[in-house]
Amino acid sequence: MVRTNFDSRKSIFLKRLMEEGAQNRVDFDIYDFLLTFNKSLNDFYTTSSCSGRIALAKAPRLSYSKGSGLFKFVVKWHRPVTYGEVMNVLSNIDSGDVWLLVRAPIIHFVARDIHGALTILRMAREAGFKHSGIYSVTHDGVVVEVQGEDRFEVPIIINGKLIVTMDDLRRIIDIANETLIFGKFRLAHLIRLIEVRLFGKSELGEMPKVYFQESYRDFNIESINIENLV
């Protein structure tokens with residue numbers, strides 16, 4: 001069998017995924033899916049991925065995030081966080097401006113052809129990833145960027161001083177956690193669509209009762225209307 005450049009690149013990215021997984025550099029809640037996806041499907045692979053995160057970042061303005069030295073992550077969490085965790089970090093900051101950010105899940109899928117790319121894109125849109133689209137088309141494959149819209153950002157420290165009250169900060173953290181969770185539920189829905197339509201599983205079934213590890217609190221899944229996620 002002739003080995004195409006698509007196959008060669010897929011092999012490289014699979015090897016990188018396994019190496020980074022062994023080093024705990026892949027988000028814990030999607031590693032198993034990514035490994036199965038990349039090993040099981042001949043016409044697809046993934047490159048970069050993030051299951052969604054909460055972060056504290058130092059920057060004078062978020063529009064400067066692409067500027068050299070003007071944006072720096074202080075800490076990242078790929079799970080819900082507690083008030084205590086955030087305060088422990090903020091208490092060691094005595095200068096500059098600090099933002100609390102939530103970023104939605106993002107995964108770059110590579111399909112062998114445009115038909116496969118559109119298959120991924122349709123599932124992504126169905127799962128609520130409305131900011132997704134075809135990123136590039138080359139002879140080596142078609143890249144689909146699957147990106148969620150669940151994001152949140154608010155300044156917490158300006159010129160080294162906390163600008164919110166403790167009560168406000170608790171509420172901000174709750175909103176950040178809820179935003180992150182909604183993004184992860186969309187991602188869980190997308191994974192289950194892929195499992196049925198590409199892996200050949202028989203049915204979607206019910207949403208899992210437990211999806212998050214190391215959560216700071218129980219999340220009441222009964223309060224979620226799945227229709228609101230799409």
# chains A, B, ... in the order shown; residues from 1 in each chain; ligands from 1
>>> closest_atom_pairs(of="region 135-181 of chain A", to="region 74-94 of chain A", cutoff="10 Å", atoms="only C-alpha atoms", output="CSV")
residue,atom,partner,partner_atom,distance
A:Ile156,CA,A:Leu90,CA,8.9
A:Ile157,CA,A:Leu90,CA,8.3
A:Ile158,CA,A:Asp94,CA,9.8
A:Asn159,CA,A:Asp94,CA,8.1
A:Gly160,CA,A:Asp94,CA,4.6
A:Lys161,CA,A:Asp94,CA,7.2
A:Leu162,CA,A:Leu90,CA,8.5
A:Met166,CA,A:Tyr83,CA,9.2
A:Leu169,CA,A:Tyr83,CA,7.7
A:Arg170,CA,A:Tyr83,CA,6.1
A:Arg171,CA,A:Tyr83,CA,9.4
A:Ile172,CA,A:Tyr83,CA,9.5
A:Ile173,CA,A:Tyr83,CA,6.7
A:Asp174,CA,A:Thr82,CA,8.6
A:Ala176,CA,A:Pro80,CA,8.0
A:Asn177,CA,A:Pro80,CA,5.0
A:Glu178,CA,A:Pro80,CA,8.1
A:Thr179,CA,A:Pro80,CA,9.5
A:Leu180,CA,A:Pro80,CA,7.1
A:Ile181,CA,A:Pro80,CA,7.5
>>> closest_atom_pairs(of="region 90-199 of chain A", to="region 2-14 of chain A", cutoff="7 Å", atoms="only C-alpha atoms", output="CSV")
residue,atom,partner,partner_atom,distance
A:Arg112,CA,A:Phe6,CA,6.8
A:Asp140,CA,A:Phe6,CA,5.0
A:Gly141,CA,A:Phe6,CA,6.3
>>> write_last_selection(atoms="all heavy atoms", output="short mmCIF file (atom, residue, chain, number, x, y, z; two decimals), in the first residue's frame")
data_model
loop_
_atom_site.label_atom_id
_atom_site.label_comp_id
_atom_site.auth_asym_id
_atom_site.auth_seq_id
_atom_site.Cartn_x
_atom_site.Cartn_y
_atom_site.Cartn_z
N ARG A 112 -9.06 13.28 5.67
CA ARG A 112 -8.35 12.96 4.43
C ARG A 112 -8.93 13.75 3.24
O ARG A 112 -8.20 14.11 2.31
CB ARG A 112 -8.44 11.46 4.15
CG ARG A 112 -7.52 10.98 3.04
CD ARG A 112 -7.67 9.49 2.81
NE ARG A 112 -7.26 8.70 3.95
CZ ARG A 112 -6.02 8.28 4.17
NH1 ARG A 112 -5.05 8.62 3.33
NH2 ARG A 112 -5.74 7.54 5.22
N ASP A 140 -2.65 17.51 1.61
CA ASP A 140 -2.32 16.65 2.75
C ASP A 140 -3.50 16.42 3.68
O ASP A 140 -3.39 15.69 4.66
CB ASP A 140 -1.18 17.28 3.57
CG ASP A 140 0.08 17.47 2.74
OD1 ASP A 140 0.29 16.66 1.81
OD2 ASP A 140 0.84 18.41 3.00
N GLY A 141 -4.64 17.06 3.40
CA GLY A 141 -5.81 16.89 4.24
C GLY A 141 -6.55 18.20 4.45
O GLY A 141 -6.08 19.28 4.06
#
>>> residues_around(residues="Phe33 (chain A)", least_positions_apart="5", cutoff="10 Å", atoms="only C-alpha atoms", output="PyMOL selection string")
chain A and resi 38-39+191-192+194-195
>>> write_last_selection(atoms="N, CA, C and O atoms", output="PDB file, in the first residue's frame")
ATOM      1  N   ASN A  38      -7.708   8.717  17.132  1.00  0.00           N
ATOM      2  CA  ASN A  38      -6.541   8.697  16.251  1.00  0.00           C
ATOM      3  C   ASN A  38      -6.110   7.286  15.872  1.00  0.00           C
ATOM      4  O   ASN A  38      -5.589   7.062  14.772  1.00  0.00           O
ATOM      5  N   LYS A  39      -6.352   6.316  16.744  1.00  0.00           N
ATOM      6  CA  LYS A  39      -5.959   4.942  16.447  1.00  0.00           C
ATOM      7  C   LYS A  39      -6.995   4.201  15.606  1.00  0.00           C
ATOM      8  O   LYS A  39      -6.642   3.300  14.837  1.00  0.00           O
ATOM      9  N   ILE A 191     -18.396  14.242  21.391  1.00  0.00           N
ATOM     10  CA  ILE A 191     -17.700  12.951  21.478  1.00  0.00           C
ATOM     11  C   ILE A 191     -18.676  11.805  21.286  1.00  0.00           C
ATOM     12  O   ILE A 191     -18.402  10.829  20.574  1.00  0.00           O
ATOM     13  N   ARG A 192     -19.843  11.919  21.881  1.00  0.00           N
ATOM     14  CA  ARG A 192     -20.826  10.845  21.768  1.00  0.00           C
ATOM     15  C   ARG A 192     -21.394  10.753  20.347  1.00  0.00           C
ATOM     16  O   ARG A 192     -21.671   9.669  19.847  1.00  0.00           O
ATOM     17  N   ILE A 194     -19.653  11.437  17.652  1.00  0.00           N
ATOM     18  CA  ILE A 194     -18.570  10.794  16.908  1.00  0.00           C
ATOM     19  C   ILE A 194     -18.541   9.297  17.188  1.00  0.00           C
ATOM     20  O   ILE A 194     -18.345   8.483  16.273  1.00  0.00           O
ATOM     21  N   GLU A 195     -18.755   8.926  18.444  1.00  0.00           N
ATOM     22  CA  GLU A 195     -18.750   7.504  18.792  1.00  0.00           C
ATOM     23  C   GLU A 195     -19.840   6.743  18.036  1.00  0.00           C
ATOM     24  O   GLU A 195     -19.625   5.615  17.590  1.00  0.00           O
TER      25      GLU A 195
END
>>> atom_distance(atom1="CA of Tyr135 (chain A)", atom2="CA of His108 (chain A)")
8.7 Å
>>> select_by_dssp(residues="region 68-226 of chain A", states="alpha helix (DSSP H)", output="ChimeraX atom specification")
/A:83-90,114-126,166-197
>>> residues_around(residues="Lys184 (chain A)", least_positions_apart="4", cutoff="10 Å", atoms="only C-alpha atoms", output="ChimeraX atom specification")
/A:29-30,51-53,78-79,104-105,148,150,178-180,188-190,211-212
>>> select_by_dssp(residues="region 12-223 of chain A", states="strand (DSSP E or B)", output="PyMOL selection string")
chain A and resi 44-50+53-58+72-77+98-103+106-111+133-138+141-147+152-158+161-162
